[in-house]
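K.L.:
Here it is, the structure in full.
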Amino acid sequence: MKLAIMQPYFLPYIGYYQLIGAVDLFIVYDNIKYVKKGWINRNRMLVNGKDALFSLPLKKDSDALDIRDRELAADFDRAKLLNQWRGAYRTAPFFKQTFPLLEAIVGFQDPNLFRYIFNSLQMTCAHLGLKTVFKISSEVPIDHSLKFQDKVLALCEAEGTQSYINAIGGLELYDANAFSARGIEFRALRARPFPYEQFGQPHVPYLSIVDLLMFNSVSKLREVIAENYDLVRQDA
């Protein structure tokens with residue numbers, strides 16, 4: 001059984017979906033600290049040939065809270081966010097196929113940050129045809145006071161994992177020997193470059209999945225998600 005574990009991100013780049021597609025079970029952290037100015041509630045889109053941020057506004061609260069304890073701002077203007085995407089992409093080749101998905105995602109009414117992003121993740125994966133099973137970290141019976149690698153190892157063991165796959169950043173964060181000592185193979189997923197047409201301008205890479213959906217067919221993205229990456233060892 002292949003497992004990946006990640007924080008929830010709002011409409012992340014395609015590498016996140018490649019990681020989902022590469023495993024049998026994808027655990028999403030809810031009981032982990034919210035990272036201010038990270039990528040949990042924001043990402044990048046294309047505006048006039050350059051990258052620009054879009055974000056989910058949050059209710060002011062303690063920076064020490066877990067993701068599952070944060071809420072969207074009461075004055076979150078859903079129409080404004082949709083209009084940002086409409087203004088940037090209304091002439092993109094797959095705008096009409098993509099915008100209804102974005103309307104459904106943004107229209108979700110739960111104010112809880114984790115549940116809002118988790119819903120967006122599930123809806124996007126369904127749109128892309130990804131069948132990977134999801135689980136929420138706090139629902140796995142482990143000692144949740146564990147931190148970092150120890151918590152990952154505990155989640156792996158609780159789920160009977162034979163192979164753990166992390167995003168490429170984990171290649172430096174984790175010790176592959178600690179996984180192999182418990183009979184778990186450790187790999188990291190490295191996405192290959194995927195340049196595509198963006199209004200005839202020089203390609204801006206690593207944007208939100210929103211950008212990729214606007215310029216590519218779902219069938220093409222399914223192919224990229226399934227094939228356009230490498231699984232590497234820590235000693236490679």
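Every chain in the structure tokens has a letter given in the order shown (A, B, ...), and although residue numbers restart at 1 in each chain, ligands are simply numbered from 1 in the order shown.
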Once you count only C-alpha atoms, what closest atom pair and distance in Å to one decimal does each residue of region 22-55 of chain A within 10 Å of region 109-131 of chain A have, with rows by chain and rising residue number, as CSV?
P.N.:
```
residue,atom,partner,partner_atom,distance
A:Ala22,CA,A:Leu130,CA,9.9
A:Val23,CA,A:Lys131,CA,9.8
A:Asp24,CA,A:Lys131,CA,8.6
A:Leu25,CA,A:Lys131,CA,9.7
A:Val28,CA,A:Phe118,CA,8.1
A:Tyr29,CA,A:Phe114,CA,8.9
A:Asp30,CA,A:Phe114,CA,6.4
A:Asn31,CA,A:Phe114,CA,9.5
A:Tyr34,CA,A:Phe114,CA,9.9
A:Ile40,CA,A:Ile117,CA,8.4
A:Asn41,CA,A:Ile117,CA,7.8
```
K.L.:
Please produce an output containing N, CA, C and O atoms for each residue in the selection, written as a PDB file, in the first residue's frame.
P.N.:
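And here's out37.pdb as it stands now:
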```pdb
ATOM      1  N   ALA A  22      -0.292   9.183  -7.314  1.00  0.00           N
ATOM      2  CA  ALA A  22       0.772   8.174  -7.204  1.00  0.00           C
ATOM      3  C   ALA A  22       0.555   7.197  -6.060  1.00  0.00           C
ATOM      4  O   ALA A  22       1.311   6.227  -5.926  1.00  0.00           O
ATOM      5  N   VAL A  23      -0.460   7.441  -5.215  1.00  0.00           N
ATOM      6  CA  VAL A  23      -0.635   6.615  -4.020  1.00  0.00           C
ATOM      7  C   VAL A  23      -2.035   6.006  -3.950  1.00  0.00           C
ATOM      8  O   VAL A  23      -2.945   6.401  -4.676  1.00  0.00           O
ATOM      9  N   ASP A  24      -2.179   5.051  -3.020  1.00  0.00           N
ATOM     10  CA  ASP A  24      -3.482   4.422  -2.774  1.00  0.00           C
ATOM     11  C   ASP A  24      -4.286   5.190  -1.736  1.00  0.00           C
ATOM     12  O   ASP A  24      -5.515   5.236  -1.798  1.00  0.00           O
ATOM     13  N   LEU A  25      -3.579   5.781  -0.779  1.00  0.00           N
ATOM     14  CA  LEU A  25      -4.223   6.520   0.307  1.00  0.00           C
ATOM     15  C   LEU A  25      -3.503   7.847   0.502  1.00  0.00           C
ATOM     16  O   LEU A  25      -2.275   7.884   0.569  1.00  0.00           O
ATOM     17  N   VAL A  28      -4.652  13.852   4.689  1.00  0.00           N
ATOM     18  CA  VAL A  28      -4.564  15.309   4.721  1.00  0.00           C
ATOM     19  C   VAL A  28      -4.520  15.756   6.184  1.00  0.00           C
ATOM     20  O   VAL A  28      -5.404  15.426   6.976  1.00  0.00           O
ATOM     21  N   TYR A  29      -3.482  16.493   6.533  1.00  0.00           N
ATOM     22  CA  TYR A  29      -3.343  16.987   7.901  1.00  0.00           C
ATOM     23  C   TYR A  29      -4.419  18.033   8.215  1.00  0.00           C
ATOM     24  O   TYR A  29      -4.561  19.030   7.495  1.00  0.00           O
ATOM     25  N   ASP A  30      -5.132  17.815   9.295  1.00  0.00           N
ATOM     26  CA  ASP A  30      -6.000  18.871   9.824  1.00  0.00           C
ATOM     27  C   ASP A  30      -5.509  19.348  11.185  1.00  0.00           C
ATOM     28  O   ASP A  30      -5.684  20.510  11.535  1.00  0.00           O
ATOM     29  N   ASN A  31      -4.860  18.441  11.935  1.00  0.00           N
ATOM     30  CA  ASN A  31      -4.376  18.783  13.278  1.00  0.00           C
ATOM     31  C   ASN A  31      -2.899  19.127  13.242  1.00  0.00           C
ATOM     32  O   ASN A  31      -2.069  18.524  13.914  1.00  0.00           O
ATOM     33  N   TYR A  34      -1.410  25.953  11.519  1.00  0.00           N
ATOM     34  CA  TYR A  34      -1.554  26.798  10.337  1.00  0.00           C
ATOM     35  C   TYR A  34      -0.286  27.627  10.155  1.00  0.00           C
ATOM     36  O   TYR A  34       0.228  28.222  11.108  1.00  0.00           O
ATOM     37  N   ILE A  40      -1.248  27.427   2.285  1.00  0.00           N
ATOM     38  CA  ILE A  40      -2.474  26.748   2.696  1.00  0.00           C
ATOM     39  C   ILE A  40      -3.707  27.423   2.100  1.00  0.00           C
ATOM     40  O   ILE A  40      -4.570  26.758   1.524  1.00  0.00           O
ATOM     41  N   ASN A  41      -3.804  28.720   2.236  1.00  0.00           N
ATOM     42  CA  ASN A  41      -5.014  29.420   1.782  1.00  0.00           C
ATOM     43  C   ASN A  41      -4.756  30.402   0.639  1.00  0.00           C
ATOM     44  O   ASN A  41      -5.552  31.316   0.404  1.00  0.00           O
TER      45      ASN A  41
END
```
K.L.:
Which residue gives the smallest distance to Glu71 (chain A) among A:Leu58, A:Ile225, A:Val47, A:Leu146, with only C-alpha atoms counted?
P.N.:
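Closest to Glu71 (chain A), using only C-alpha atoms: A:Leu58.
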K.L.:
Please extract the residues of region 11-210 of chain A with a backbone DSSP assignment of strand (DSSP E or B) and present them as number ranges by chain.
P.N.:
A: 25-28, 33, 42-47, 50-55, 58, 66, 71-72, 112, 133-136, 163-167, 185-191
K.L.:
Which residues, written as an mmCIF file with N, CA, C and O atoms, in the first residue's frame, have at least one atom at most 12 Å from region 160-169 of chain A, with only C-alpha atoms counted and residues fewer than 5 positions away on the same chain left out?
P.N.:
```cif
data_model
loop_
_atom_site.group_PDB
_atom_site.id
_atom_site.type_symbol
_atom_site.label_atom_id
_atom_site.label_comp_id
_atom_site.auth_asym_id
_atom_site.auth_seq_id
_atom_site.Cartn_x
_atom_site.Cartn_y
_atom_site.Cartn_z
ATOM 1 N N MET A 1 0.836 -1.193 0.000
ATOM 2 C CA MET A 1 0.000 0.000 0.000
ATOM 3 C C MET A 1 0.874 1.248 0.000
ATOM 4 O O MET A 1 1.793 1.376 0.803
ATOM 5 N N LYS A 2 0.592 2.157 -0.909
ATOM 6 C CA LYS A 2 1.355 3.399 -1.052
ATOM 7 C C LYS A 2 0.601 4.549 -0.395
ATOM 8 O O LYS A 2 -0.595 4.716 -0.618
ATOM 9 N N LEU A 3 1.318 5.333 0.375
ATOM 10 C CA LEU A 3 0.714 6.407 1.165
ATOM 11 C C LEU A 3 1.459 7.715 0.955
ATOM 12 O O LEU A 3 2.687 7.737 0.811
ATOM 13 N N ALA A 4 0.711 8.824 0.951
ATOM 14 C CA ALA A 4 1.286 10.170 1.005
ATOM 15 C C ALA A 4 0.526 10.958 2.056
ATOM 16 O O ALA A 4 -0.656 10.695 2.321
ATOM 17 N N ILE A 5 1.193 11.928 2.652
ATOM 18 C CA ILE A 5 0.596 12.769 3.689
ATOM 19 C C ILE A 5 0.978 14.211 3.393
ATOM 20 O O ILE A 5 2.156 14.517 3.190
ATOM 21 N N MET A 6 -0.003 15.097 3.382
ATOM 22 C CA MET A 6 0.285 16.504 3.089
ATOM 23 C C MET A 6 -0.652 17.424 3.853
ATOM 24 O O MET A 6 -1.743 17.027 4.265
ATOM 25 N N GLN A 7 -0.229 18.659 4.021
ATOM 26 C CA GLN A 7 -1.122 19.707 4.492
ATOM 27 C C GLN A 7 -2.147 19.994 3.390
ATOM 28 O O GLN A 7 -1.892 19.748 2.219
ATOM 29 N N TYR A 13 -0.550 23.554 -7.038
ATOM 30 C CA TYR A 13 0.051 23.275 -8.346
ATOM 31 C C TYR A 13 -0.076 21.787 -8.669
ATOM 32 O O TYR A 13 -0.452 20.963 -7.829
ATOM 33 N N ILE A 14 0.229 21.424 -9.888
ATOM 34 C CA ILE A 14 -0.064 20.068 -10.361
ATOM 35 C C ILE A 14 0.729 18.992 -9.629
ATOM 36 O O ILE A 14 0.276 17.842 -9.523
ATOM 37 N N GLY A 15 1.893 19.313 -9.081
ATOM 38 C CA GLY A 15 2.667 18.326 -8.350
ATOM 39 C C GLY A 15 1.903 17.718 -7.180
ATOM 40 O O GLY A 15 2.087 16.544 -6.838
ATOM 41 N N TYR A 16 1.037 18.511 -6.558
ATOM 42 C CA TYR A 16 0.209 18.024 -5.452
ATOM 43 C C TYR A 16 -0.727 16.929 -5.947
ATOM 44 O O TYR A 16 -0.902 15.896 -5.297
ATOM 45 N N TYR A 17 -1.306 17.131 -7.119
ATOM 46 C CA TYR A 17 -2.227 16.137 -7.687
ATOM 47 C C TYR A 17 -1.470 14.918 -8.221
ATOM 48 O O TYR A 17 -2.002 13.803 -8.189
ATOM 49 N N GLN A 18 -0.254 15.123 -8.661
ATOM 50 C CA GLN A 18 0.573 13.977 -9.045
ATOM 51 C C GLN A 18 0.848 13.094 -7.830
ATOM 52 O O GLN A 18 0.848 11.862 -7.929
ATOM 53 N N LEU A 19 1.101 13.718 -6.689
ATOM 54 C CA LEU A 19 1.331 12.964 -5.461
ATOM 55 C C LEU A 19 0.084 12.177 -5.079
ATOM 56 O O LEU A 19 0.162 11.006 -4.698
ATOM 57 N N ILE A 20 -1.072 12.802 -5.191
ATOM 58 C CA ILE A 20 -2.331 12.102 -4.917
ATOM 59 C C ILE A 20 -2.486 10.905 -5.848
ATOM 60 O O ILE A 20 -2.826 9.796 -5.421
ATOM 61 N N GLY A 21 -2.225 11.127 -7.133
ATOM 62 C CA GLY A 21 -2.399 10.074 -8.117
ATOM 63 C C GLY A 21 -1.407 8.932 -7.991
ATOM 64 O O GLY A 21 -1.662 7.833 -8.490
ATOM 65 N N ALA A 22 -0.292 9.183 -7.314
ATOM 66 C CA ALA A 22 0.772 8.174 -7.204
ATOM 67 C C ALA A 22 0.555 7.197 -6.060
ATOM 68 O O ALA A 22 1.311 6.227 -5.926
ATOM 69 N N VAL A 23 -0.460 7.441 -5.215
ATOM 70 C CA VAL A 23 -0.635 6.615 -4.020
ATOM 71 C C VAL A 23 -2.035 6.006 -3.950
ATOM 72 O O VAL A 23 -2.945 6.401 -4.676
ATOM 73 N N ASP A 24 -2.179 5.051 -3.020
ATOM 74 C CA ASP A 24 -3.482 4.422 -2.774
ATOM 75 C C ASP A 24 -4.286 5.190 -1.736
ATOM 76 O O ASP A 24 -5.515 5.236 -1.798
ATOM 77 N N LEU A 25 -3.579 5.781 -0.779
ATOM 78 C CA LEU A 25 -4.223 6.520 0.307
ATOM 79 C C LEU A 25 -3.503 7.847 0.502
ATOM 80 O O LEU A 25 -2.275 7.884 0.569
ATOM 81 N N PHE A 26 -4.277 8.917 0.611
ATOM 82 C CA PHE A 26 -3.726 10.267 0.784
ATOM 83 C C PHE A 26 -4.297 10.836 2.074
ATOM 84 O O PHE A 26 -5.502 11.075 2.178
ATOM 85 N N ILE A 27 -3.427 11.025 3.065
ATOM 86 C CA ILE A 27 -3.858 11.603 4.338
ATOM 87 C C ILE A 27 -3.620 13.104 4.318
ATOM 88 O O ILE A 27 -2.527 13.566 3.992
ATOM 89 N N VAL A 140 -7.040 9.155 12.306
ATOM 90 C CA VAL A 140 -6.183 7.967 12.380
ATOM 91 C C VAL A 140 -5.764 7.766 13.841
ATOM 92 O O VAL A 140 -5.271 8.703 14.480
ATOM 93 N N GLN A 149 8.747 13.783 11.644
ATOM 94 C CA GLN A 149 8.963 12.445 11.100
ATOM 95 C C GLN A 149 8.316 11.362 11.965
ATOM 96 O O GLN A 149 7.782 10.378 11.433
ATOM 97 N N VAL A 152 4.722 11.097 11.016
ATOM 98 C CA VAL A 152 4.588 10.469 9.703
ATOM 99 C C VAL A 152 4.759 8.958 9.817
ATOM 100 O O VAL A 152 3.977 8.184 9.254
ATOM 101 N N LEU A 153 5.773 8.525 10.544
ATOM 102 C CA LEU A 153 6.021 7.096 10.725
ATOM 103 C C LEU A 153 4.850 6.421 11.435
ATOM 104 O O LEU A 153 4.451 5.304 11.078
ATOM 105 N N ALA A 154 4.291 7.089 12.430
ATOM 106 C CA ALA A 154 3.157 6.524 13.151
ATOM 107 C C ALA A 154 1.947 6.377 12.230
ATOM 108 O O ALA A 154 1.237 5.365 12.282
ATOM 109 N N LEU A 155 1.708 7.374 11.387
ATOM 110 C CA LEU A 155 0.599 7.297 10.431
ATOM 111 C C LEU A 155 0.826 6.168 9.430
ATOM 112 O O LEU A 155 -0.101 5.431 9.087
ATOM 113 N N TYR A 174 13.445 14.199 5.803
ATOM 114 C CA TYR A 174 13.264 12.901 6.449
ATOM 115 C C TYR A 174 14.481 12.006 6.255
ATOM 116 O O TYR A 174 15.260 12.176 5.321
ATOM 117 N N ASP A 175 14.591 11.023 7.142
ATOM 118 C CA ASP A 175 15.680 10.048 7.087
ATOM 119 C C ASP A 175 15.127 8.746 6.517
ATOM 120 O O ASP A 175 14.353 8.045 7.186
ATOM 121 N N ALA A 176 15.498 8.408 5.292
ATOM 122 C CA ALA A 176 14.988 7.202 4.638
ATOM 123 C C ALA A 176 15.307 5.954 5.448
ATOM 124 O O ALA A 176 14.541 4.970 5.428
ATOM 125 N N ALA A 178 15.197 5.600 8.640
ATOM 126 C CA ALA A 178 14.201 5.418 9.700
ATOM 127 C C ALA A 178 12.954 4.728 9.154
ATOM 128 O O ALA A 178 12.299 3.954 9.873
ATOM 129 N N PHE A 179 12.632 4.976 7.889
ATOM 130 C CA PHE A 179 11.489 4.308 7.252
ATOM 131 C C PHE A 179 11.836 2.849 6.942
ATOM 132 O O PHE A 179 11.052 1.937 7.239
ATOM 133 N N SER A 180 13.013 2.630 6.356
ATOM 134 C CA SER A 180 13.389 1.264 5.977
ATOM 135 C C SER A 180 13.531 0.363 7.206
ATOM 136 O O SER A 180 13.273 -0.845 7.138
ATOM 137 N N ALA A 181 13.923 0.934 8.348
ATOM 138 C CA ALA A 181 14.033 0.152 9.573
ATOM 139 C C ALA A 181 12.690 -0.398 10.016
ATOM 140 O O ALA A 181 12.622 -1.385 10.764
ATOM 141 N N ARG A 182 11.617 0.221 9.538
ATOM 142 C CA ARG A 182 10.267 -0.241 9.865
ATOM 143 C C ARG A 182 9.603 -0.929 8.673
ATOM 144 O O ARG A 182 8.385 -1.117 8.650
ATOM 145 N N GLY A 183 10.408 -1.279 7.691
ATOM 146 C CA GLY A 183 9.881 -2.004 6.542
ATOM 147 C C GLY A 183 9.106 -1.147 5.562
ATOM 148 O O GLY A 183 8.263 -1.654 4.812
ATOM 149 N N ILE A 184 9.397 0.150 5.564
ATOM 150 C CA ILE A 184 8.674 1.087 4.691
ATOM 151 C C ILE A 184 9.648 1.690 3.678
ATOM 152 O O ILE A 184 10.682 2.253 4.064
ATOM 153 N N GLU A 185 9.327 1.582 2.423
ATOM 154 C CA GLU A 185 10.140 2.189 1.368
ATOM 155 C C GLU A 185 9.843 3.687 1.305
ATOM 156 O O GLU A 185 8.683 4.090 1.313
ATOM 157 N N PHE A 186 10.891 4.502 1.243
ATOM 158 C CA PHE A 186 10.730 5.964 1.173
ATOM 159 C C PHE A 186 11.117 6.460 -0.206
ATOM 160 O O PHE A 186 12.203 6.157 -0.704
ATOM 161 N N ARG A 187 10.218 7.230 -0.827
ATOM 162 C CA ARG A 187 10.498 7.863 -2.114
ATOM 163 C C ARG A 187 9.988 9.306 -2.081
ATOM 164 O O ARG A 187 9.111 9.660 -1.282
ATOM 165 N N ALA A 188 10.524 10.135 -2.955
ATOM 166 C CA ALA A 188 10.041 11.507 -3.111
ATOM 167 C C ALA A 188 9.631 11.721 -4.559
ATOM 168 O O ALA A 188 10.276 11.214 -5.481
ATOM 169 N N LEU A 189 8.561 12.448 -4.742
ATOM 170 C CA LEU A 189 8.048 12.705 -6.081
ATOM 171 C C LEU A 189 8.590 14.031 -6.606
ATOM 172 O O LEU A 189 8.408 15.074 -5.981
ATOM 173 N N ARG A 190 9.254 13.957 -7.741
ATOM 174 C CA ARG A 190 9.798 15.146 -8.393
ATOM 175 C C ARG A 190 9.066 15.351 -9.717
ATOM 176 O O ARG A 190 9.184 14.537 -10.636
ATOM 177 N N ALA A 191 8.302 16.422 -9.806
ATOM 178 C CA ALA A 191 7.553 16.711 -11.025
ATOM 179 C C ALA A 191 8.508 17.143 -12.140
ATOM 180 O O ALA A 191 9.468 17.888 -11.895
ATOM 181 N N ARG A 192 8.260 16.670 -13.339
ATOM 182 C CA ARG A 192 9.020 17.128 -14.498
ATOM 183 C C ARG A 192 8.415 18.433 -15.015
ATOM 184 O O ARG A 192 7.242 18.708 -14.794
ATOM 185 N N TYR A 229 6.354 12.670 -13.919
ATOM 186 C CA TYR A 229 7.121 12.850 -12.678
ATOM 187 C C TYR A 229 8.066 11.667 -12.511
ATOM 188 O O TYR A 229 7.967 10.657 -13.212
ATOM 189 N N ASP A 230 8.999 11.809 -11.562
ATOM 190 C CA ASP A 230 9.920 10.743 -11.210
ATOM 191 C C ASP A 230 9.849 10.498 -9.713
ATOM 192 O O ASP A 230 9.680 11.453 -8.929
ATOM 193 N N LEU A 231 9.951 9.239 -9.304
ATOM 194 C CA LEU A 231 10.067 8.887 -7.889
ATOM 195 C C LEU A 231 11.541 8.624 -7.599
ATOM 196 O O LEU A 231 12.137 7.736 -8.191
ATOM 197 N N VAL A 232 12.106 9.396 -6.690
ATOM 198 C CA VAL A 232 13.548 9.332 -6.456
ATOM 199 C C VAL A 232 13.855 8.880 -5.034
ATOM 200 O O VAL A 232 13.080 9.099 -4.107
ATOM 201 N N ARG A 233 14.998 8.249 -4.877
ATOM 202 C CA ARG A 233 15.487 7.814 -3.574
ATOM 203 C C ARG A 233 16.282 8.941 -2.917
ATOM 204 O O ARG A 233 16.785 9.840 -3.591
ATOM 205 N N GLN A 234 16.456 8.840 -1.628
ATOM 206 C CA GLN A 234 17.212 9.854 -0.900
ATOM 207 C C GLN A 234 18.683 9.842 -1.294
ATOM 208 O O GLN A 234 19.345 10.869 -1.279
#
```
K.L.:
List every residue of region 17-95 of chain A that DSSP, applied to the backbone of this structure, places in helix (DSSP H, G or I), and write the result as a PyMOL selection string.
P.N.:
chain A and resi 17-21+67-69+78-89+95
K.L.:
Show me, as a ChimeraX atom specification, the residues that have an atom within 10 Å of Tyr196 (chain A) when counting only C-alpha atoms, minus same-chain residues fewer than 2 positions from it.
P.N.:
/A:193-194,198-200,202-205,212,215-216
K.L.:
Write out as a list of chain:residue names the residues lying within 12 Å of Arg86 (chain A), counting only C-alpha atoms and excluding same-chain residues fewer than 2 positions away.
P.N.:
A:Met45, A:Leu46, A:Val47, A:Ala79, A:Lys80, A:Leu81, A:Leu82, A:Asn83, A:Gln84, A:Ala88, A:Tyr89, A:Arg90, A:Thr91, A:Ala92, A:Phe94, A:Phe95, A:Lys96, A:Thr98, A:Phe99, A:Pro100, A:Leu102, A:Glu103, A:Val210, A:Asp211, A:Met214
K.L.:
Kindly export the residues of the current selection with N, CA, C and O atoms, as a short mmCIF file (atom, residue, chain, number, x, y, z; two decimals), in the first residue's frame.
P.N.:
```
data_model
loop_
_atom_site.label_atom_id
_atom_site.label_comp_id
_atom_site.auth_asym_id
_atom_site.auth_seq_id
_atom_site.Cartn_x
_atom_site.Cartn_y
_atom_site.Cartn_z
N MET A 45 -1.86 32.72 -9.77
CA MET A 45 -2.56 32.67 -11.04
C MET A 45 -1.82 33.54 -12.05
O MET A 45 -0.86 34.24 -11.70
N LEU A 46 -2.27 33.50 -13.29
CA LEU A 46 -1.64 34.29 -14.35
C LEU A 46 -2.44 35.57 -14.60
O LEU A 46 -3.65 35.51 -14.85
N VAL A 47 -1.77 36.71 -14.52
CA VAL A 47 -2.42 38.00 -14.81
C VAL A 47 -1.49 38.80 -15.72
O VAL A 47 -0.38 39.16 -15.32
N ALA A 79 -17.74 36.39 -4.75
CA ALA A 79 -17.89 36.94 -6.11
C ALA A 79 -16.60 37.63 -6.55
O ALA A 79 -16.22 37.56 -7.73
N LYS A 80 -15.91 38.29 -5.63
CA LYS A 80 -14.66 38.97 -5.97
C LYS A 80 -13.60 37.98 -6.42
O LYS A 80 -12.89 38.22 -7.40
N LEU A 81 -13.49 36.85 -5.70
CA LEU A 81 -12.51 35.84 -6.08
C LEU A 81 -12.83 35.27 -7.45
O LEU A 81 -11.95 35.11 -8.31
N LEU A 82 -14.09 34.95 -7.68
CA LEU A 82 -14.49 34.43 -8.99
C LEU A 82 -14.23 35.44 -10.10
O LEU A 82 -13.80 35.07 -11.20
N ASN A 83 -14.44 36.70 -9.81
CA ASN A 83 -14.19 37.74 -10.81
C ASN A 83 -12.70 37.89 -11.12
O ASN A 83 -12.34 38.27 -12.25
N GLN A 84 -11.85 37.63 -10.14
CA GLN A 84 -10.41 37.64 -10.41
C GLN A 84 -10.07 36.60 -11.48
O GLN A 84 -9.34 36.88 -12.43
N ALA A 88 -9.01 37.19 -15.54
CA ALA A 88 -7.71 36.70 -16.01
C ALA A 88 -7.83 35.67 -17.12
O ALA A 88 -6.97 35.60 -18.00
N TYR A 89 -8.90 34.88 -17.09
CA TYR A 89 -8.94 33.69 -17.95
C TYR A 89 -10.15 33.60 -18.88
O TYR A 89 -10.33 32.58 -19.54
N ARG A 90 -10.97 34.64 -18.97
CA ARG A 90 -12.22 34.51 -19.73
C ARG A 90 -12.01 34.14 -21.19
O ARG A 90 -12.92 33.58 -21.83
N THR A 91 -10.83 34.43 -21.75
CA THR A 91 -10.56 34.05 -23.15
C THR A 91 -9.68 32.82 -23.27
O THR A 91 -9.25 32.46 -24.37
N ALA A 92 -9.40 32.15 -22.14
CA ALA A 92 -8.59 30.93 -22.17
C ALA A 92 -9.39 29.81 -22.85
O ALA A 92 -10.63 29.79 -22.78
N PHE A 94 -10.11 26.72 -22.22
CA PHE A 94 -10.95 25.81 -21.45
C PHE A 94 -11.67 26.52 -20.30
O PHE A 94 -12.04 25.90 -19.30
N PHE A 95 -11.89 27.82 -20.48
CA PHE A 95 -12.58 28.61 -19.45
C PHE A 95 -13.99 28.06 -19.19
O PHE A 95 -14.39 27.87 -18.03
N LYS A 96 -14.75 27.79 -20.24
CA LYS A 96 -16.14 27.36 -20.07
C LYS A 96 -16.24 26.00 -19.39
O LYS A 96 -17.19 25.73 -18.66
N THR A 98 -13.99 24.93 -17.16
CA THR A 98 -13.38 25.03 -15.83
C THR A 98 -14.16 25.91 -14.87
O THR A 98 -14.24 25.61 -13.67
N PHE A 99 -14.76 26.98 -15.36
CA PHE A 99 -15.36 27.97 -14.45
C PHE A 99 -16.49 27.40 -13.60
O PHE A 99 -16.60 27.74 -12.41
N PRO A 100 -17.34 26.51 -14.12
CA PRO A 100 -18.38 25.93 -13.25
C PRO A 100 -17.80 25.18 -12.06
O PRO A 100 -18.37 25.20 -10.96
N LEU A 102 -14.98 25.98 -10.52
CA LEU A 102 -14.55 27.02 -9.59
C LEU A 102 -15.73 27.65 -8.86
O LEU A 102 -15.65 27.95 -7.66
N GLU A 103 -16.83 27.84 -9.56
CA GLU A 103 -18.03 28.39 -8.92
C GLU A 103 -18.53 27.47 -7.81
O GLU A 103 -18.92 27.93 -6.73
N VAL A 210 -5.69 25.91 -11.23
CA VAL A 210 -6.64 26.75 -11.98
C VAL A 210 -6.07 27.11 -13.34
O VAL A 210 -6.74 27.01 -14.37
N ASP A 211 -4.81 27.52 -13.35
CA ASP A 211 -4.17 27.92 -14.60
C ASP A 211 -4.07 26.75 -15.56
O ASP A 211 -4.37 26.87 -16.75
N MET A 214 -7.36 25.91 -17.16
CA MET A 214 -7.81 26.90 -18.14
C MET A 214 -7.15 26.71 -19.51
O MET A 214 -7.74 27.04 -20.54
#
```
K.L.:
I'd like to know which of A:Leu101, A:Leu65, A:Leu221, A:Leu56 is closest to Arg42 (chain A), using only C-alpha atoms.
P.N.:
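Comparing A:Leu101, A:Leu65, A:Leu221, A:Leu56 against Arg42 (chain A), the winner is A:Leu56.
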K.L.:
Near Lys60 (chain A), counting only C-alpha atoms, which residues have an atom at most 9 Å away, once you skip same-chain residues fewer than 2 positions from it, shown as a VMD selection string?
P.N.:
chain A and resid 58 62 to 63 70 to 73
K.L.:
Report the distance between CA of Asn43 (chain A) and CA of Pro12 (chain A) in Å, rounded to one decimal place.
P.N.:
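A separation of 6.5 Å between them.
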K.L.:
When you draw a straight line from CA of Ser137 (chain A) to CA of Lys59 (chain A), how long is it in Å?
P.N.:
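Going from CA of Ser137 (chain A) over to CA of Lys59 (chain A), I get 23.3 Å.
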K.L.:
Do you have the CA of Ile209 (chain A)-CA of Asn228 (chain A) distance handy?
P.N.:
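Between CA of Ile209 (chain A) and CA of Asn228 (chain A) the gap is 14.9 Å.
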